[in-house]
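Here is the structure we will look at.
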Amino acid sequence: MPEQKTVTFTINERKLTVPAGTLVIEAARRTGIEVPAFCYYPGLSLQAACRMCLVEVEKAPKLQTACTLVAADGMVVRTDTPQVHKARKDMLEFLLTNHPLDCPVCDKGGECELQDMTFRYGLDKSRFVEEKLHSPEQAWSPVVYYDAPRCILCFRCVRVCDEGMDVKALGVGQRGVLSVIIPNREDHLECEECGMCIDVCPVGALTSGAYRYKTRPWEMKYVPTVCAHCSNGCKTTLGVRNNEIQRANNRDLSGINKDFLCVKGRYGFDFVHHPDRLKQPLVRRNGTLQIASWEDALAEVAARLKTVRDAHGPDAIGFIGSNRTTNEENYLLGRLARGLVGTNNVDHHRTADYGALVQALGESAGAAQAGMEQLGAAKAILLIGNDPTNQNPLVAWQIRTAIRQNGARLYVVNTEEIKLKRKAAQFVRVASGAEALIAQWLATGEGDLELDTSVEMMQLRGAMEKERDAVIVFGAELRGAAIEHVVKFGASLPGQTRYIALGDYANSRGASDMGLLPDRLPGYVWTSDAAARDAFGKLWGASLPEKTGLDSRQMLAAAARGALKALYVVGANPFRTFGAGGRPAGLDWVVVQEMFLTETSRDADIVLPAACAYEKDGTVTNTAGEVQLLRRGLETMGTRTDFDILRILSHQLSKAGVGRAIPLRTPEAALDEIRRSVRGYGVSLPGLLAGGAERTAPLAPANGHKLIDVPAESIFSPRDTLFTSGTLGRYCTMIHSVPEAKSES
Amino acid sequence: MASILREVTETIVTLAKGFRVTFRNMWGKTVTENYPETPVHFMPRYRGIHVLQRDEQGLEKCVGCFLCSAACPANCIYIEAAENTDATRISAGERYARVYNIDYSRCIFCGYCVEACPTDAITHGHGFELATYDINSLIYRKEQLLQPELHKKPATV
């Protein structure tokens with residue numbers, strides 16, 4: 001590590017030593033000296049528009065803006081002099097020239113930076129006698145409203161849209177006192193509807209359509225949890241009042257995403273309160289689904305599972321898990337299927353081949369997986385497949401951050417001209433489905449590439465070989481052996497190389513890690529590994545089956561043949577996802593734990609209403625292998641968490657003589673067992689409970705298993721956009737209200 | 001001897017002093033109010049049951065800012081706010097109180113809400129007859145608070 005150059009300067013008679021290049025405002029804030037500012041926003045370019053941060057600098061003729069002043073050796077700064085105080089007062093008086101005094105009505109009231117600063121530094125009256133300029137509020141989109149008179153022209157929104165989001169939908173119109181922020185389509189926005197502009201606005205000029213005039217900030221209970229949509233695991237803070245989510249944002253800048261949230265994270269919470277939510281168990285009687293009590297429904301599930309198991313053996317039952325339930329629930333489902341029922345017919349909709357990545361990395365998997373923060377600090381990024389802007393918004397944000405703040409170079413290999421091409425140092429467009437071939441070519445130099453492609457790829461490889469700190473990011477296009485090739489290529493690079501596999505849905509990674517796979521137990525140990533089987537068998541009080549089970553598609557095919565008699569589905573929609581064309585005829589009965597009547601639960605025999613991610617405690621793992629805590633924000637009457645359902649069912653089954661009941665009473669107890677038994681999940685509990693993202697360190701012994709090319713039918717991405725999100729997305733009315741979502745569907 | 005005389009004199013003087021007050025009040029104006037036979041008289045700033053005010057156009061003055069409920073030490077004011085539309089305009093501002101409840105089983109009539117109100121929407125009326133057999137009827141809804149004449153009638157069981 002080269003020694004960092006430092007400078008020493010004085011601020012308010014205190015000597016400070018900071019790294020060279022530090023801004024005075026940053027240095028002051030880090031020492032606890034407050035320098036008020038509106039336009040300064042860490043991470044965005046400097047503006048010096050608001051003039052609130054004026055400080056006195058010795059030997060400078062006038063007050064200086066601390067947000068653009070770089071600390072220099074011997075500089076003497078004072079933030080607490082009468083002249084500075086007077087400047088702040090006068091600046092606030094100017095900012096309030098046209099600002100309406102409608103705080104009681106304004107949505108920002110109570111958390112407004114201008115309100116706070118006027119209280120702290122401002123005058124109690126204005127010397128302006130002129131009438132304030134007024135113009136009506138504008139609805140730029142169903143989720144973004146602009147009230148021009150409230151705007152103090154700090155340009156944070158313009159900068160975050162341009163630099164942070166690379167959307168450039170906002171600009172400044174007019175001049176002087178008439179200046180306003182204008183949207184890109186005259187009177188409305190055409191953008192990604194991320195709402196970042198609303199989030200960074202220090203005043204109530206930009207307000208959210210979803211939260212509009214509903215409540216006030218001090219009336220809500222704040223619940224820090226993890227977004228329920230894509231696999232990036234953004235931390236989000238739910239504002240809950242009266243058991244209803246009022247808004248979601250992340251203003252405390254905690255978590256891996258800091259303040260970033262996309263349209264789904266910010267507005268996609270209304271599925272929780274959708275009128276179609278299932279709130280009572282349904283049991284099919286005389287051909288129709290009828291309301292039943294929890295006791296009857298669960299007793300019937302246990303009785304019928306036992307009947308099928310006794311008549312046709314455990315392998316006549318299939319379990320399809322969810323990629324949006326918690327790690328604990330996934331662990332419990334695997335334990336129920338393997339430990340109690342005794343079958344390896346366990347799977348979920350796999351959206352990335354995490355197992356192959358862990359296995360290909362071998363011993364170094366823990367260190368070689370990049371977390372979201374490492375991605376944001378990377379020096380070079382190779383992106384193969386996927387469209388992060390749409391499918392993994394935080395990954396795209398982190399890539400843009402790396403480029404903007406570290407001058408990182410982005411190399412993109414894709415079949416489409418994705419939006420990140422604009423930021424790429426090199427973009428190689430390949431034929432559809434050729435990603436695996438590219439991986440092979442990168443690793444071995446062999447492979448039948450088209451001439452143009454191979455010339456471009458030579459350049460790309462040449463550039464990558466000069467990189468010292470690279471992160472390779474790839475989507476579901478690479479599976480099995482292709483991932484091994486990428487890892488081999490990564491290992492051949494001179495510097496450090498780390499990897500992120502991109503899946504979809506909130507806990508795809510967790511479902512994989514918790515062993516919802518037909519051939520692997522939790523922590524990617526093979527079912528054929530006798531020692532591992534014994535270890536889990538001892539813990540679970542059962543002898544676990546060895547034979548590789550059926551994956552989702554094979555289960556549905558077996559059901560169509562009549563070989564599989566019963567299907568147990570948790571939070572998934574296999575009849576639609578795997579395109580079986582409805583319920584296979586050979587299935588005797590189907591039980592589904594679900595929030596809504598989907599294509600699968602509609603055709604089920606028993607439907608158990610489940611709680612959603614915002615209604616339960618537990619942990620989820622994001623696509624980069626970082627574990628975070630979910631916290632229950634509210635409860636919906638009638639539903640139960642999947643954890644409770646599975647736990648009670650295990651007791652029912654045990655009573656009926658099928659296996660031993662699962663003694664884990666709470667998700668915390670299950671997490672404890674996971675931390676002890678699952679490889680890589682021995683994460684720090686204090687870090688987790690404090691709301692941090694803890695990186696897992698998985699380790700998958702190959703045990704003679706070669707990585708095979710998994711067919712695209714088994715691992716595939718749903719290719720969600722910013723405005724779709726599987727089953728949940730279908731019930732997010734706020735997201736559907738934006739014009740961009742309409743034009744896509 | 002002298003002490004007995006002094007005692008008698010002092011007793012007579014004290015009695016005369018006391019009876020002076022008695023007789024002065026006996027012939028003076030009565031202050032006791034004959035409630036409930038005759039109406040009670042209040043000082044103008046008496047803090048009775050709240051009244052929600054309307055403006056000159058008949059719109060509700062309350063803009064649903066929640067400041068009264070924030071100021072309330074007894075935590076007895078419950079509000080749900082909503083947005084005015086051009087079709088249905090309830091208050092003059094962009095926001096209005098869709099639900100406005102005061103729980104009089106908790107209210108301590110301190111008047112902080114009235115002081116906090118930025119639009120002078122909530123005021124104290126002179127109603128005070130709150131007694132009821134059903135505690136639930138002590139939760140007054142917005143509709144009741146907007147009609148002060150309702151407060152004069154005793155709450156029905």
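Chain lettering (A, B, ...) mirrors the order of the structure tokens, residue numbering begins at 1 for each chain separately, and ligand numbering begins at 1 in order of display.
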
Next item on the list: Show me which bits of chain A are within 6 Å of chain B, counting only C-alpha atoms, as a PyMOL selection string.
Entry: chain A and resi 104-105+213-214

Note to self: Just want the 12 Å neighbourhood of Leu95 in chain A, counted on only C-alpha atoms, with same-chain residues fewer than 2 positions away dropped. Output as a PyMOL selection string.
What the structure shows: chain A and resi 38+49-52+88-93+97-101+114-115+117-118+122-123+126+128+132+149-154+177+203

Generate a file of the selected residues that holds N, CA, C and O atoms, formatted as a CSV table (one decimal), in the first residue's frame.
```
chain,number,residue,atom,x,y,z
A,38,PHE,N,-26.9,22.7,1.0
A,38,PHE,CA,-28.0,22.1,0.3
A,38,PHE,C,-27.5,21.4,-1.0
A,38,PHE,O,-27.8,20.3,-1.2
A,49,ALA,N,-24.0,25.9,-5.6
A,49,ALA,CA,-25.1,26.7,-6.1
A,49,ALA,C,-25.8,27.4,-4.9
A,49,ALA,O,-26.4,28.4,-5.0
A,50,CYS,N,-25.8,26.7,-3.7
A,50,CYS,CA,-26.7,27.2,-2.7
A,50,CYS,C,-26.0,28.2,-1.8
A,50,CYS,O,-26.7,29.0,-1.1
A,51,ARG,N,-24.7,28.3,-1.7
A,51,ARG,CA,-23.9,29.2,-1.0
A,51,ARG,C,-24.2,29.1,0.5
A,51,ARG,O,-24.0,30.1,1.3
A,52,MET,N,-24.7,28.0,1.0
A,52,MET,CA,-25.0,27.9,2.4
A,52,MET,C,-23.7,27.5,3.2
A,52,MET,O,-23.7,27.7,4.4
A,88,ARG,N,-25.0,33.0,6.6
A,88,ARG,CA,-26.0,32.0,6.5
A,88,ARG,C,-27.4,32.5,6.6
A,88,ARG,O,-28.3,32.1,5.9
A,89,LYS,N,-27.6,33.5,7.5
A,89,LYS,CA,-28.9,34.1,7.7
A,89,LYS,C,-29.4,34.8,6.4
A,89,LYS,O,-30.5,34.6,6.0
A,90,ASP,N,-28.5,35.5,5.8
A,90,ASP,CA,-28.8,36.2,4.5
A,90,ASP,C,-29.1,35.2,3.4
A,90,ASP,O,-30.0,35.4,2.6
A,91,MET,N,-28.3,34.1,3.4
A,91,MET,CA,-28.6,33.1,2.3
A,91,MET,C,-29.9,32.5,2.5
A,91,MET,O,-30.7,32.3,1.5
A,92,LEU,N,-30.3,32.2,3.7
A,92,LEU,CA,-31.6,31.6,4.0
A,92,LEU,C,-32.7,32.6,3.6
A,92,LEU,O,-33.8,32.2,3.1
A,93,GLU,N,-32.5,33.8,3.9
A,93,GLU,CA,-33.5,34.8,3.5
A,93,GLU,C,-33.7,34.9,2.0
A,93,GLU,O,-34.8,34.9,1.5
A,97,THR,N,-37.0,33.7,-0.5
A,97,THR,CA,-37.7,34.8,-1.2
A,97,THR,C,-39.0,34.3,-1.8
A,97,THR,O,-40.0,34.9,-1.7
A,98,ASN,N,-38.9,33.2,-2.6
A,98,ASN,CA,-40.1,32.7,-3.2
A,98,ASN,C,-40.6,31.4,-2.6
A,98,ASN,O,-41.6,30.9,-3.1
A,99,HIS,N,-39.9,30.9,-1.6
A,99,HIS,CA,-40.4,29.6,-1.1
A,99,HIS,C,-41.7,29.8,-0.3
A,99,HIS,O,-41.7,30.7,0.6
A,100,PRO,N,-42.7,29.1,-0.6
A,100,PRO,CA,-44.0,29.4,0.1
A,100,PRO,C,-43.9,28.9,1.5
A,100,PRO,O,-43.2,27.9,1.8
A,101,LEU,N,-44.7,29.5,2.4
A,101,LEU,CA,-44.7,29.0,3.8
A,101,LEU,C,-45.8,28.0,4.0
A,101,LEU,O,-46.8,28.3,4.7
A,114,LEU,N,-34.5,22.5,4.5
A,114,LEU,CA,-34.7,24.0,4.6
A,114,LEU,C,-35.4,24.4,5.9
A,114,LEU,O,-35.0,25.4,6.5
A,115,GLN,N,-36.4,23.6,6.3
A,115,GLN,CA,-37.1,23.8,7.5
A,115,GLN,C,-36.1,23.8,8.7
A,115,GLN,O,-36.0,24.6,9.6
A,117,MET,N,-32.8,24.1,8.7
A,117,MET,CA,-31.8,25.1,8.7
A,117,MET,C,-32.4,26.5,9.1
A,117,MET,O,-31.7,27.3,9.7
A,118,THR,N,-33.6,26.7,8.6
A,118,THR,CA,-34.2,28.0,9.0
A,118,THR,C,-34.4,28.0,10.5
A,118,THR,O,-34.2,29.1,11.1
A,122,GLY,N,-31.7,30.5,10.7
A,122,GLY,CA,-32.4,31.6,9.9
A,122,GLY,C,-33.0,32.7,10.8
A,122,GLY,O,-33.0,32.6,12.0
A,123,LEU,N,-33.5,33.7,10.1
A,123,LEU,CA,-34.1,34.8,10.8
A,123,LEU,C,-35.6,34.4,11.0
A,123,LEU,O,-36.1,33.6,10.3
A,126,SER,N,-38.8,38.0,7.3
A,126,SER,CA,-38.1,38.3,6.0
A,126,SER,C,-38.3,39.8,5.7
A,126,SER,O,-39.3,40.4,6.1
A,128,PHE,N,-38.2,40.9,2.7
A,128,PHE,CA,-38.8,41.1,1.4
A,128,PHE,C,-40.3,41.5,1.5
A,128,PHE,O,-41.0,40.9,2.3
A,132,LYS,N,-44.6,36.8,-3.4
A,132,LYS,CA,-43.9,35.6,-3.8
A,132,LYS,C,-44.4,35.1,-5.2
A,132,LYS,O,-45.6,35.2,-5.5
A,149,PRO,N,-42.4,26.5,-6.9
A,149,PRO,CA,-42.1,27.6,-5.9
A,149,PRO,C,-41.3,27.0,-4.7
A,149,PRO,O,-40.5,27.8,-4.1
A,150,ARG,N,-41.5,25.8,-4.4
A,150,ARG,CA,-40.7,25.2,-3.3
A,150,ARG,C,-39.2,25.0,-3.6
A,150,ARG,O,-38.4,24.8,-2.7
A,151,CYS,N,-38.9,24.9,-4.9
A,151,CYS,CA,-37.6,24.5,-5.3
A,151,CYS,C,-36.6,25.5,-5.0
A,151,CYS,O,-36.8,26.7,-5.2
A,152,ILE,N,-35.4,25.1,-4.4
A,152,ILE,CA,-34.4,26.1,-4.1
A,152,ILE,C,-33.2,26.0,-5.0
A,152,ILE,O,-32.1,26.5,-4.8
A,153,LEU,N,-33.4,25.2,-6.1
A,153,LEU,CA,-32.4,25.1,-7.2
A,153,LEU,C,-31.0,24.7,-6.7
A,153,LEU,O,-30.0,25.3,-7.0
A,154,CYS,N,-31.0,23.6,-6.0
A,154,CYS,CA,-29.7,23.0,-5.6
A,154,CYS,C,-29.2,22.1,-6.6
A,154,CYS,O,-28.0,21.7,-6.6
A,177,VAL,N,-34.1,34.3,-11.3
A,177,VAL,CA,-35.2,34.0,-10.3
A,177,VAL,C,-36.3,33.2,-10.9
A,177,VAL,O,-37.0,32.5,-10.2
A,203,VAL,N,-35.9,19.8,-0.1
A,203,VAL,CA,-37.1,20.4,0.2
A,203,VAL,C,-38.3,19.6,-0.4
A,203,VAL,O,-38.1,18.6,-0.9
```

Next item on the list: Just the residues within 10 Å of Met372 in chain A, please, counting only C-alpha atoms, with nothing from its chain fewer than 2 positions along; format it as a PyMOL selection string.
Entry: chain A and resi 232-234+255-257+369-370+374-378+394-395+397-399+500+622-626+693+695

Checklist line | B:Ser91, B:Gln144, B:Thr85, B:Thr38 ranked by distance to Asp55 in chain B, top pick (using only C-alpha atoms) | finding: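 That would be B:Ser91, the residue with the smallest distance to Asp55 in chain B.
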
Next item on the list: Excluding range 639-644 of chain A and any residue of its chain fewer than 4 positions from it, enumerate the residues within 7 Å of it, using only C-alpha atoms, and give them as JSON, numbers by chain.
Entry: {"A": [279, 280, 329, 609, 610, 611, 616, 648]}

Margin query: Between CA of Glu615 in chain A and CA of Arg509 in chain A, what is the distance in Å, rounded to a tenth?
Written below: 20.4 Å

Notebook entry, point to check: Any idea what's packed within 9 Å of Ile320 in chain A, counting only C-alpha atoms, ignoring anything in its chain fewer than 2 positions away? Could you give it as an MDAnalysis selection string?
Noted result: chainID A and resid 318 322 345:349 516 551:552 567:572 574

Check: So which residues touch range 446-451 of chain A within 10 Å, counting only C-alpha atoms, skipping near sequence neighbours fewer than 4 positions away, as a list in words?
Finding: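 Here the qualifying residues turn out to be Val430, Ala431, Ala434, Ala436, Leu437, Ile438, Ala439, Gln440, Trp441, Leu442, Val455, Glu456 and Met457 of chain A.
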